[in-house]
$ cat entry.txt   # compact mmCIF, N, CA and C atoms
# COMPACT_ATOMS: atom_id res chain seq x y z
N MET Z 1 -15.66 -36.00 -9.68
CA MET Z 1 -15.84 -35.53 -8.34
C MET Z 1 -17.34 -35.32 -8.12
N SER Z 2 -17.80 -35.78 -6.99
CA SER Z 2 -19.22 -35.62 -6.69
C SER Z 2 -19.52 -34.18 -6.26
N LEU Z 3 -20.78 -33.84 -6.29
CA LEU Z 3 -21.20 -32.50 -5.92
C LEU Z 3 -20.91 -32.22 -4.46
N LYS Z 4 -21.15 -33.19 -3.61
CA LYS Z 4 -20.88 -33.03 -2.18
C LYS Z 4 -19.39 -32.81 -1.93
N ALA Z 5 -18.54 -33.55 -2.63
CA ALA Z 5 -17.09 -33.39 -2.47
C ALA Z 5 -16.64 -32.02 -2.97
N TYR Z 6 -17.22 -31.59 -4.10
CA TYR Z 6 -16.87 -30.27 -4.63
C TYR Z 6 -17.24 -29.17 -3.65
N LEU Z 7 -18.47 -29.20 -3.14
CA LEU Z 7 -18.90 -28.17 -2.20
C LEU Z 7 -18.07 -28.19 -0.92
N SER Z 8 -17.77 -29.38 -0.41
CA SER Z 8 -16.94 -29.48 0.79
C SER Z 8 -15.55 -28.90 0.55
N LEU Z 9 -14.95 -29.26 -0.58
CA LEU Z 9 -13.63 -28.75 -0.90
C LEU Z 9 -13.65 -27.24 -1.12
N MET Z 10 -14.67 -26.76 -1.77
CA MET Z 10 -14.78 -25.32 -2.04
C MET Z 10 -14.97 -24.54 -0.74
N ILE Z 11 -15.80 -25.05 0.15
CA ILE Z 11 -16.01 -24.37 1.43
C ILE Z 11 -14.73 -24.37 2.26
N MET Z 12 -14.04 -25.49 2.31
CA MET Z 12 -12.79 -25.56 3.07
C MET Z 12 -11.71 -24.64 2.49
N ALA Z 13 -11.60 -24.61 1.17
CA ALA Z 13 -10.61 -23.74 0.53
C ALA Z 13 -10.95 -22.27 0.75
N THR Z 14 -12.23 -21.94 0.72
CA THR Z 14 -12.65 -20.57 0.96
C THR Z 14 -12.38 -20.16 2.40
N LEU Z 15 -12.67 -21.04 3.34
CA LEU Z 15 -12.37 -20.74 4.74
C LEU Z 15 -10.88 -20.60 4.98
N LEU Z 16 -10.08 -21.44 4.33
CA LEU Z 16 -8.63 -21.33 4.46
C LEU Z 16 -8.12 -20.02 3.89
N SER Z 17 -8.61 -19.64 2.72
CA SER Z 17 -8.16 -18.37 2.13
C SER Z 17 -8.67 -17.19 2.94
N ALA Z 18 -9.85 -17.30 3.54
CA ALA Z 18 -10.35 -16.22 4.41
C ALA Z 18 -9.48 -16.11 5.66
N GLY Z 19 -9.01 -17.24 6.17
CA GLY Z 19 -8.09 -17.21 7.32
C GLY Z 19 -6.77 -16.56 6.96
N VAL Z 20 -6.25 -16.89 5.79
CA VAL Z 20 -5.00 -16.27 5.33
C VAL Z 20 -5.21 -14.77 5.12
N PHE Z 21 -6.36 -14.40 4.58
CA PHE Z 21 -6.67 -12.99 4.39
C PHE Z 21 -6.77 -12.27 5.74
N GLY Z 22 -7.38 -12.90 6.72
CA GLY Z 22 -7.46 -12.32 8.05
C GLY Z 22 -6.08 -12.12 8.67
N VAL Z 23 -5.21 -13.10 8.50
CA VAL Z 23 -3.83 -12.96 8.99
C VAL Z 23 -3.11 -11.85 8.24
N ALA Z 24 -3.32 -11.77 6.94
CA ALA Z 24 -2.67 -10.73 6.14
C ALA Z 24 -3.11 -9.35 6.58
N ILE Z 25 -4.38 -9.19 6.91
CA ILE Z 25 -4.87 -7.88 7.35
C ILE Z 25 -4.27 -7.50 8.70
N THR Z 26 -4.15 -8.46 9.60
CA THR Z 26 -3.66 -8.13 10.94
C THR Z 26 -2.14 -8.00 11.01
N VAL Z 27 -1.42 -8.72 10.17
CA VAL Z 27 0.05 -8.76 10.27
C VAL Z 27 0.72 -7.76 9.33
N ILE Z 28 0.22 -7.61 8.13
CA ILE Z 28 0.91 -6.81 7.12
C ILE Z 28 0.62 -5.33 7.35
N ASP Z 29 1.69 -4.55 7.46
CA ASP Z 29 1.58 -3.10 7.54
C ASP Z 29 1.75 -2.54 6.13
N PRO Z 30 0.72 -1.91 5.57
CA PRO Z 30 0.82 -1.46 4.18
C PRO Z 30 1.86 -0.37 3.95
N TYR Z 31 2.29 0.29 5.00
CA TYR Z 31 3.29 1.35 4.84
C TYR Z 31 4.72 0.82 4.89
N LYS Z 32 4.90 -0.41 5.42
CA LYS Z 32 6.24 -0.96 5.57
C LYS Z 32 6.50 -2.22 4.76
N THR Z 33 5.48 -2.77 4.16
CA THR Z 33 5.64 -4.06 3.48
C THR Z 33 6.24 -3.90 2.09
N ASN Z 34 6.71 -5.02 1.58
CA ASN Z 34 7.27 -5.03 0.23
C ASN Z 34 6.25 -5.64 -0.74
N LEU Z 35 6.69 -5.97 -1.92
CA LEU Z 35 5.80 -6.51 -2.95
C LEU Z 35 5.20 -7.84 -2.53
N LEU Z 36 5.93 -8.65 -1.79
CA LEU Z 36 5.42 -9.95 -1.34
C LEU Z 36 4.22 -9.79 -0.40
N GLY Z 37 4.25 -8.80 0.46
CA GLY Z 37 3.12 -8.55 1.36
C GLY Z 37 1.88 -8.15 0.60
N PHE Z 38 2.04 -7.28 -0.38
CA PHE Z 38 0.89 -6.88 -1.19
C PHE Z 38 0.38 -8.05 -2.03
N ALA Z 39 1.29 -8.86 -2.54
CA ALA Z 39 0.88 -10.03 -3.33
C ALA Z 39 0.09 -11.01 -2.46
N LEU Z 40 0.53 -11.23 -1.23
CA LEU Z 40 -0.20 -12.12 -0.32
C LEU Z 40 -1.58 -11.55 0.00
N PHE Z 41 -1.66 -10.25 0.24
CA PHE Z 41 -2.93 -9.61 0.53
C PHE Z 41 -3.90 -9.76 -0.64
N TYR Z 42 -3.46 -9.38 -1.84
CA TYR Z 42 -4.35 -9.43 -3.00
C TYR Z 42 -4.70 -10.86 -3.41
N ALA Z 43 -3.73 -11.78 -3.31
CA ALA Z 43 -4.01 -13.17 -3.69
C ALA Z 43 -5.01 -13.81 -2.73
N SER Z 44 -4.83 -13.58 -1.43
CA SER Z 44 -5.77 -14.17 -0.47
C SER Z 44 -7.15 -13.54 -0.59
N LEU Z 45 -7.22 -12.24 -0.86
CA LEU Z 45 -8.51 -11.60 -1.07
C LEU Z 45 -9.17 -12.14 -2.34
N PHE Z 46 -8.39 -12.31 -3.40
CA PHE Z 46 -8.91 -12.84 -4.66
C PHE Z 46 -9.52 -14.23 -4.45
N LEU Z 47 -8.79 -15.10 -3.77
CA LEU Z 47 -9.28 -16.47 -3.55
C LEU Z 47 -10.51 -16.49 -2.64
N THR Z 48 -10.53 -15.60 -1.64
CA THR Z 48 -11.68 -15.55 -0.75
C THR Z 48 -12.92 -15.06 -1.49
N VAL Z 49 -12.80 -13.99 -2.24
CA VAL Z 49 -13.95 -13.46 -2.98
C VAL Z 49 -14.40 -14.47 -4.03
N MET Z 50 -13.44 -15.12 -4.69
CA MET Z 50 -13.80 -16.10 -5.71
C MET Z 50 -14.53 -17.29 -5.09
N GLY Z 51 -14.07 -17.77 -3.95
CA GLY Z 51 -14.73 -18.89 -3.30
C GLY Z 51 -16.14 -18.54 -2.84
N VAL Z 52 -16.28 -17.39 -2.22
CA VAL Z 52 -17.61 -16.98 -1.75
C VAL Z 52 -18.56 -16.77 -2.93
N ALA Z 53 -18.08 -16.10 -3.97
CA ALA Z 53 -18.92 -15.84 -5.14
C ALA Z 53 -19.28 -17.14 -5.86
N ALA Z 54 -18.35 -18.08 -5.94
CA ALA Z 54 -18.63 -19.35 -6.61
C ALA Z 54 -19.67 -20.16 -5.83
N ILE Z 55 -19.55 -20.18 -4.52
CA ILE Z 55 -20.51 -20.93 -3.70
C ILE Z 55 -21.90 -20.28 -3.78
N ILE Z 56 -21.96 -18.96 -3.64
CA ILE Z 56 -23.25 -18.27 -3.71
C ILE Z 56 -23.85 -18.40 -5.12
N GLY Z 57 -23.01 -18.26 -6.14
CA GLY Z 57 -23.51 -18.41 -7.51
C GLY Z 57 -24.03 -19.80 -7.79
N PHE Z 58 -23.35 -20.81 -7.28
CA PHE Z 58 -23.82 -22.18 -7.47
C PHE Z 58 -25.15 -22.40 -6.76
N ILE Z 59 -25.24 -21.93 -5.52
CA ILE Z 59 -26.48 -22.10 -4.76
C ILE Z 59 -27.64 -21.40 -5.46
N MET Z 60 -27.38 -20.19 -5.97
CA MET Z 60 -28.44 -19.46 -6.67
C MET Z 60 -28.88 -20.20 -7.92
N ARG Z 61 -27.94 -20.75 -8.67
CA ARG Z 61 -28.28 -21.42 -9.92
C ARG Z 61 -28.93 -22.78 -9.69
N PHE Z 62 -28.34 -23.55 -8.81
CA PHE Z 62 -28.75 -24.94 -8.66
C PHE Z 62 -29.93 -25.12 -7.71
N VAL Z 63 -29.89 -24.45 -6.59
CA VAL Z 63 -30.92 -24.67 -5.58
C VAL Z 63 -32.14 -23.77 -5.83
N VAL Z 64 -31.89 -22.48 -6.06
CA VAL Z 64 -33.00 -21.55 -6.19
C VAL Z 64 -33.64 -21.61 -7.57
N LEU Z 65 -32.84 -21.50 -8.63
CA LEU Z 65 -33.39 -21.46 -9.98
C LEU Z 65 -33.73 -22.84 -10.53
N ARG Z 66 -32.94 -23.85 -10.18
CA ARG Z 66 -33.15 -25.23 -10.63
C ARG Z 66 -33.25 -25.35 -12.15
N LYS Z 67 -32.42 -24.60 -12.86
CA LYS Z 67 -32.48 -24.63 -14.32
C LYS Z 67 -31.42 -25.56 -14.92
N ASP Z 68 -30.23 -25.55 -14.37
CA ASP Z 68 -29.11 -26.25 -15.00
C ASP Z 68 -28.77 -27.54 -14.26
N LEU Z 69 -27.98 -28.35 -14.95
CA LEU Z 69 -27.38 -29.50 -14.31
C LEU Z 69 -26.32 -29.00 -13.34
N ALA Z 70 -25.96 -29.83 -12.40
CA ALA Z 70 -25.00 -29.42 -11.37
C ALA Z 70 -23.65 -29.06 -11.99
N ALA Z 71 -23.17 -29.86 -12.92
CA ALA Z 71 -21.86 -29.60 -13.52
C ALA Z 71 -21.86 -28.28 -14.29
N ARG Z 72 -22.92 -28.02 -14.99
CA ARG Z 72 -23.01 -26.76 -15.74
C ARG Z 72 -23.10 -25.57 -14.80
N ALA Z 73 -23.87 -25.70 -13.72
CA ALA Z 73 -23.99 -24.61 -12.75
C ALA Z 73 -22.65 -24.34 -12.07
N VAL Z 74 -21.87 -25.38 -11.80
CA VAL Z 74 -20.55 -25.21 -11.19
C VAL Z 74 -19.62 -24.46 -12.14
N ILE Z 75 -19.61 -24.84 -13.40
CA ILE Z 75 -18.73 -24.20 -14.37
C ILE Z 75 -19.08 -22.73 -14.54
N ILE Z 76 -20.35 -22.43 -14.70
CA ILE Z 76 -20.77 -21.04 -14.90
C ILE Z 76 -20.50 -20.20 -13.66
N SER Z 77 -20.83 -20.72 -12.49
CA SER Z 77 -20.62 -19.94 -11.27
C SER Z 77 -19.13 -19.73 -11.00
N PHE Z 78 -18.29 -20.71 -11.30
CA PHE Z 78 -16.85 -20.56 -11.09
C PHE Z 78 -16.27 -19.52 -12.06
N ARG Z 79 -16.72 -19.56 -13.31
CA ARG Z 79 -16.24 -18.59 -14.29
C ARG Z 79 -16.65 -17.17 -13.91
N GLN Z 80 -17.88 -16.99 -13.52
CA GLN Z 80 -18.33 -15.66 -13.14
C GLN Z 80 -17.71 -15.20 -11.82
N ALA Z 81 -17.45 -16.12 -10.91
CA ALA Z 81 -16.76 -15.77 -9.67
C ALA Z 81 -15.34 -15.30 -9.95
N PHE Z 82 -14.68 -15.93 -10.92
CA PHE Z 82 -13.34 -15.50 -11.30
C PHE Z 82 -13.37 -14.07 -11.85
N LEU Z 83 -14.33 -13.79 -12.71
CA LEU Z 83 -14.43 -12.45 -13.29
C LEU Z 83 -14.76 -11.40 -12.23
N ILE Z 84 -15.68 -11.72 -11.32
CA ILE Z 84 -16.03 -10.78 -10.25
C ILE Z 84 -14.83 -10.53 -9.34
N SER Z 85 -14.11 -11.57 -9.00
CA SER Z 85 -12.94 -11.43 -8.14
C SER Z 85 -11.87 -10.58 -8.81
N PHE Z 86 -11.68 -10.80 -10.09
CA PHE Z 86 -10.69 -10.02 -10.82
C PHE Z 86 -11.11 -8.55 -10.88
N LEU Z 87 -12.40 -8.30 -11.03
CA LEU Z 87 -12.91 -6.93 -11.02
C LEU Z 87 -12.67 -6.25 -9.67
N VAL Z 88 -12.90 -6.97 -8.59
CA VAL Z 88 -12.68 -6.42 -7.25
C VAL Z 88 -11.21 -6.10 -7.05
N ILE Z 89 -10.33 -7.02 -7.40
CA ILE Z 89 -8.89 -6.81 -7.21
C ILE Z 89 -8.39 -5.69 -8.11
N ALA Z 90 -8.84 -5.65 -9.36
CA ALA Z 90 -8.42 -4.57 -10.26
C ALA Z 90 -8.88 -3.22 -9.73
N SER Z 91 -10.08 -3.16 -9.18
CA SER Z 91 -10.57 -1.90 -8.61
C SER Z 91 -9.72 -1.48 -7.41
N LEU Z 92 -9.35 -2.43 -6.56
CA LEU Z 92 -8.52 -2.10 -5.40
C LEU Z 92 -7.11 -1.67 -5.81
N VAL Z 93 -6.56 -2.29 -6.84
CA VAL Z 93 -5.25 -1.88 -7.33
C VAL Z 93 -5.32 -0.47 -7.91
N LEU Z 94 -6.36 -0.20 -8.67
CA LEU Z 94 -6.55 1.16 -9.19
C LEU Z 94 -6.69 2.16 -8.04
N LEU Z 95 -7.42 1.79 -7.02
CA LEU Z 95 -7.60 2.67 -5.86
C LEU Z 95 -6.28 2.90 -5.13
N ALA Z 96 -5.47 1.87 -5.00
CA ALA Z 96 -4.18 1.99 -4.32
C ALA Z 96 -3.22 2.91 -5.08
N HIS Z 97 -3.32 2.93 -6.40
CA HIS Z 97 -2.45 3.77 -7.22
C HIS Z 97 -3.10 5.11 -7.59
N LYS Z 98 -4.22 5.41 -6.91
CA LYS Z 98 -4.95 6.66 -7.13
C LYS Z 98 -5.39 6.85 -8.59
N LEU Z 99 -5.78 5.75 -9.22
CA LEU Z 99 -6.29 5.77 -10.59
C LEU Z 99 -7.77 5.37 -10.64
N PHE Z 100 -8.36 5.20 -9.47
CA PHE Z 100 -9.75 4.76 -9.40
C PHE Z 100 -10.68 5.91 -9.77
N SER Z 101 -11.47 5.68 -10.79
CA SER Z 101 -12.51 6.63 -11.17
C SER Z 101 -13.66 5.82 -11.75
N TRP Z 102 -14.81 6.44 -11.81
CA TRP Z 102 -15.97 5.73 -12.34
C TRP Z 102 -15.77 5.37 -13.81
N PHE Z 103 -15.03 6.19 -14.52
CA PHE Z 103 -14.75 5.89 -15.93
C PHE Z 103 -13.92 4.62 -16.05
N ASN Z 104 -12.88 4.49 -15.21
CA ASN Z 104 -12.04 3.28 -15.26
C ASN Z 104 -12.82 2.04 -14.84
N VAL Z 105 -13.65 2.18 -13.82
CA VAL Z 105 -14.46 1.04 -13.39
C VAL Z 105 -15.48 0.67 -14.47
N ALA Z 106 -16.06 1.67 -15.11
CA ALA Z 106 -17.00 1.39 -16.20
C ALA Z 106 -16.29 0.66 -17.35
N LEU Z 107 -15.06 1.07 -17.65
CA LEU Z 107 -14.30 0.36 -18.69
C LEU Z 107 -14.03 -1.09 -18.29
N LEU Z 108 -13.67 -1.30 -17.02
CA LEU Z 108 -13.45 -2.67 -16.54
C LEU Z 108 -14.71 -3.50 -16.66
N ILE Z 109 -15.83 -2.93 -16.27
CA ILE Z 109 -17.10 -3.66 -16.34
C ILE Z 109 -17.46 -3.97 -17.78
N ILE Z 110 -17.23 -3.04 -18.67
CA ILE Z 110 -17.50 -3.28 -20.09
C ILE Z 110 -16.61 -4.40 -20.64
N VAL Z 111 -15.33 -4.37 -20.28
CA VAL Z 111 -14.40 -5.41 -20.74
C VAL Z 111 -14.82 -6.78 -20.21
N PHE Z 112 -15.13 -6.86 -18.91
CA PHE Z 112 -15.51 -8.14 -18.33
C PHE Z 112 -16.87 -8.62 -18.84
N SER Z 113 -17.78 -7.71 -19.08
CA SER Z 113 -19.08 -8.09 -19.65
C SER Z 113 -18.92 -8.62 -21.06
N THR Z 114 -18.07 -7.96 -21.84
CA THR Z 114 -17.79 -8.44 -23.20
C THR Z 114 -17.15 -9.81 -23.17
N LEU Z 115 -16.21 -10.01 -22.26
CA LEU Z 115 -15.57 -11.32 -22.12
C LEU Z 115 -16.58 -12.38 -21.72
N GLU Z 116 -17.47 -12.05 -20.81
CA GLU Z 116 -18.51 -13.01 -20.38
C GLU Z 116 -19.44 -13.35 -21.54
N PHE Z 117 -19.86 -12.35 -22.30
CA PHE Z 117 -20.72 -12.63 -23.46
C PHE Z 117 -20.00 -13.48 -24.49
N PHE Z 118 -18.71 -13.24 -24.68
CA PHE Z 118 -17.92 -14.06 -25.60
C PHE Z 118 -17.86 -15.51 -25.11
N LEU Z 119 -17.62 -15.69 -23.81
CA LEU Z 119 -17.56 -17.05 -23.26
C LEU Z 119 -18.91 -17.74 -23.32
N ILE Z 120 -19.99 -16.99 -23.13
CA ILE Z 120 -21.33 -17.58 -23.25
C ILE Z 120 -21.59 -18.02 -24.69
N SER Z 121 -21.17 -17.19 -25.65
CA SER Z 121 -21.38 -17.56 -27.05
C SER Z 121 -20.54 -18.77 -27.45
N LEU Z 122 -19.36 -18.89 -26.86
CA LEU Z 122 -18.54 -20.08 -27.14
C LEU Z 122 -19.19 -21.34 -26.58
N SER Z 123 -19.72 -21.24 -25.37
CA SER Z 123 -20.32 -22.44 -24.76
C SER Z 123 -21.66 -22.80 -25.40
N SER Z 124 -22.36 -21.82 -25.96
CA SER Z 124 -23.65 -22.14 -26.60
C SER Z 124 -23.46 -22.75 -27.99
N GLU Z 125 -22.28 -22.56 -28.60
CA GLU Z 125 -22.03 -23.15 -29.92
C GLU Z 125 -21.78 -24.65 -29.83
N LYS Z 126 -21.40 -25.14 -28.67
CA LYS Z 126 -21.06 -26.57 -28.53
C LYS Z 126 -22.28 -27.44 -28.48
$ encode --input "entry.txt" --output "structure tokens"
Amino acid sequence: MSLKAYLSLMIMATLLSAGVFGVAITVIDPYKTNLLGFALFYASLFLTVMGVAAIIGFIMRFVVLRKDLAARAVIISFRQAFLISFLVIASLVLLAHKLFSWFNVALLIIVFSTLEFFLISLSSEK
């Protein structure tokens, strides 16, 4: 897949997930919905945050820094966007269940940072 096709597909998918997230916010009543409504809300938010973070991360790596090849910048930005999105969703789930505290968020950040360092060490061994 070419870089132009990847960026076009990523932008379209992000806009689509942002549209679904917008519909979820306006239609779903959090006091009356079931598990499916919450799953739609969190899944659409996850995909939207991941798409935005992946696009911004790629632009920062490839256009601004100009250090990596395009394929490598895409892989790194997508991986980090996934981790950031998961951190956002985990924080919101903790907040919804009244378990959100700075200690829990610090633990999440430590876990995700350790995972990122592990993935970096795996990719540098190749």
$ atom_distance --input "entry.txt" --atom1 "atom CA of Z:Val52" --atom2 "atom N of Z:Thr14"
7.7 Å
$ atom_distance --input "entry.txt" --atom1 "atom C of Z:Phe38" --atom2 "atom CA of Z:Leu115"
25.9 Å
$ atom_distance --input "entry.txt" --atom1 "atom CA of Z:Glu116" --atom2 "atom N of Z:Leu16"
27.4 Å
$ residues_around --input "entry.txt" --residues "stretch 81-83 of chain Z" --least-positions-apart "6" --cutoff "8 Å" --atoms "all atoms listed in the file" --output "ChimeraX atom specification"
/Z:46,49-55,57,75,89,112
$ closest_residue --input "entry.txt" --among "Z:Val88, Z:Met60, Z:Ala106, Z:Leu9" --to "Z:Leu45" --atoms "all atoms listed in the file"
Z:Val88
$ residues_near_point --input "entry.txt" --point "(-18.4, -18.5, -19.9)" --cutoff "7 Å" --atoms "all atoms listed in the file" --output "PyMOL selection string"
chain Z and resi 75-76+79-80+115-121+123
$ closest_residue --input "entry.txt" --among "Z:Ala96, Z:Leu87, Z:Ala24, Z:Ala71" --to "Z:Leu108" --atoms "only N, CA and C atoms"
Z:Leu87
$ closest_residue --input "entry.txt" --among "Z:Val23, Z:Leu47, Z:Val74, Z:Ala39" --to "Z:Ile59" --atoms "only N, CA and C atoms"
Z:Val74
$ select_by_dssp --input "entry.txt" --residues "stretch 23-81 of chain Z" --states "helix (DSSP H, G or I)" --output "PyMOL selection string"
chain Z and resi 23-27+35-65+70-81
$ closest_residue --input "entry.txt" --among "Z:Thr26, Z:Ser77, Z:Ser85, Z:Thr33" --to "Z:Thr48" --atoms "only N, CA and C atoms"
Z:Ser85
$ closest_residue --input "entry.txt" --among "Z:Ile28, Z:Val20, Z:Leu3, Z:Ile11" --to "Z:Ala43" --atoms "only N, CA and C atoms"
Z:Val20
$ closest_residue --input "entry.txt" --among "Z:Phe103, Z:Gly37, Z:Arg61, Z:Ser44" --to "Z:Leu15" --atoms "only C-alpha atoms"
Z:Ser44
